[in-house]
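Here is the file run.csv (CSV, C-alpha atoms).
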chain,number,residue,atom,x,y,z
A,1145,MET,CA,-12.1,-186.4,21.6
A,1146,LYS,CA,-12.2,-188.3,18.4
A,1147,THR,CA,-15.7,-189.0,17.3
A,1148,TYR,CA,-19.3,-187.7,16.8
A,1149,PHE,CA,-20.2,-189.7,19.9
A,1150,ASP,CA,-17.5,-188.0,22.0
A,1151,ILE,CA,-19.0,-184.6,21.0
A,1152,GLN,CA,-22.4,-185.9,22.1
A,1153,GLN,CA,-21.0,-186.9,25.4
A,1154,LEU,CA,-19.3,-183.5,25.9
A,1155,LEU,CA,-22.6,-181.7,25.3
A,1156,LYS,CA,-24.4,-184.2,27.5
A,1157,ARG,CA,-22.2,-183.1,30.4
A,1158,PHE,CA,-23.8,-179.7,30.1
A,1159,GLY,CA,-27.3,-181.0,29.8
A,1160,THR,CA,-27.6,-180.7,26.0
A,1161,ILE,CA,-28.9,-183.6,23.9
A,1162,ILE,CA,-29.3,-182.9,20.2
A,1163,TYR,CA,-31.3,-185.2,17.9
A,1164,THR,CA,-33.4,-184.0,15.1
A,1165,GLY,CA,-33.4,-187.1,12.9
A,1166,ASP,CA,-31.2,-185.4,10.4
A,1167,ARG,CA,-27.4,-185.8,11.0
A,1168,SER,CA,-26.5,-182.7,9.1
A,1169,ASP,CA,-28.9,-180.6,11.1
A,1170,ASP,CA,-27.6,-182.2,14.3
A,1171,LEU,CA,-24.0,-181.3,13.4
A,1172,ASP,CA,-25.1,-177.6,12.7
A,1173,LEU,CA,-26.8,-177.4,16.1
A,1174,MET,CA,-23.9,-179.1,17.9
A,1175,GLY,CA,-21.5,-176.5,16.3
A,1176,GLU,CA,-23.7,-173.7,17.5
A,1177,GLU,CA,-23.9,-175.1,21.0
A,1178,LEU,CA,-20.2,-175.6,21.2
A,1179,GLY,CA,-19.7,-172.0,20.1
A,1180,GLU,CA,-21.9,-170.8,22.9
A,1181,LEU,CA,-20.1,-173.0,25.5
A,1182,HIS,CA,-16.7,-171.8,24.3
A,1183,LYS,CA,-17.8,-168.2,24.3
A,1184,MET,CA,-18.9,-168.6,28.0
A,1185,ASN,CA,-15.5,-170.3,28.8
A,1186,MET,CA,-17.3,-173.5,29.8
A,1187,ILE,CA,-15.1,-175.6,27.5
A,1188,ASP,CA,-11.4,-175.0,26.8
A,1189,ASN,CA,-10.0,-174.0,23.4
A,1190,ASN,CA,-8.5,-177.4,22.6
A,1191,ASP,CA,-11.8,-179.3,23.1
A,1192,TYR,CA,-13.7,-176.6,21.1
A,1193,LEU,CA,-11.2,-176.8,18.2
A,1194,GLN,CA,-11.2,-180.7,18.2
A,1195,ALA,CA,-15.0,-180.8,18.2
A,1196,LYS,CA,-15.3,-178.3,15.4
A,1197,MET,CA,-12.8,-180.3,13.3
A,1198,ILE,CA,-14.8,-183.5,13.9
A,1199,ILE,CA,-18.0,-181.7,12.9
A,1200,LYS,CA,-16.3,-180.5,9.7
A,1201,GLN,CA,-15.1,-184.0,8.9
A,1202,GLU,CA,-18.6,-185.5,9.5
A,1203,LYS,CA,-20.3,-182.9,7.3
A,1204,SER,CA,-17.8,-183.6,4.6
A,1205,ARG,CA,-18.4,-187.3,4.9
A,1206,ILE,CA,-22.2,-186.8,4.7
A,1207,ALA,CA,-21.8,-184.5,1.6
A,1208,ARG,CA,-19.9,-187.3,-0.2
A,1209,ARG,CA,-22.8,-189.7,0.0
Please express what this file holds, its structure, as structure tokens.
Amino acid sequence: MKTYFDIQQLLKRFGTIIYTGDRSDDLDLMGEELGELHKMNMIDNNDYLQAKMIIKQEKSRIARR
């Protein structure tokens, strides 16, 4: 997993599609959903940590604009 799109595809496997029209809000919701999936042991720790890192990088990139 390396991109925002990869996270979307991961969530899509669990029936979750997130699109609010605001990328920052989407990232927040994705982070919450990932946390829930991780808590329920539906995704492994490595995927969870990679996805959270990508979200953090994307949020940082958005903040610099």
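Nearest to Met1174 (chain A) of all the residues A:Asp1191, A:Thr1147, A:Gln1152, A:Gly1159 is A:Gln1152, based on all atoms listed in the file.
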Worksheet entry | CA of Leu1154 (chain A) to CA of Ile1187 (chain A), straight-line distance in Å |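 Pair CA of Ile1187 (chain A) / CA of Leu1154 (chain A) returns 9.1 Å.
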Fill in: Coordinates-based distance that separates CA of Lys1203 (chain A) from CA of Asn1189 (chain A) (Å, one decimal)
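If I compute the distance from CA of Asn1189 (chain A) to CA of Lys1203 (chain A), I get 21.1 Å.
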Worksheet, complete the sentence: Between CA of Ile1161 (chain A) and CA of Arg1209 (chain A) lies a distance of 25.4 Å
Worksheet item: What lies within 12 Å of Tyr1148 (chain A) using all atoms listed in the file, ignoring chain neighbours under 2 positions off, as a list in words?
Response: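 So the residues in contact are Met1145, Lys1146, Asp1150, Ile1151, Gln1152, Gln1153, Leu1154, Leu1155, Ile1162, Arg1167, Ser1168, Asp1170, Leu1171, Met1174, Gly1175, Gln1194, Ala1195, Lys1196, Met1197, Ile1198, Ile1199, Lys1200, Gln1201, Glu1202, Lys1203 and Arg1205 of chain A.
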Worksheet, complete the sentence: Using all atoms listed in the file, the best pick from A:Gly1179, A:Ser1204, A:Leu1173, A:Thr1164 as closest to Tyr1192 (chain A) would be A:Gly1179
Worksheet item: Which of these, A:Phe1158, A:Ile1206, A:Tyr1163, A:Phe1149, has the shortest distance to Leu1181 (chain A) once you count all atoms listed in the file?
Response: A:Phe1158
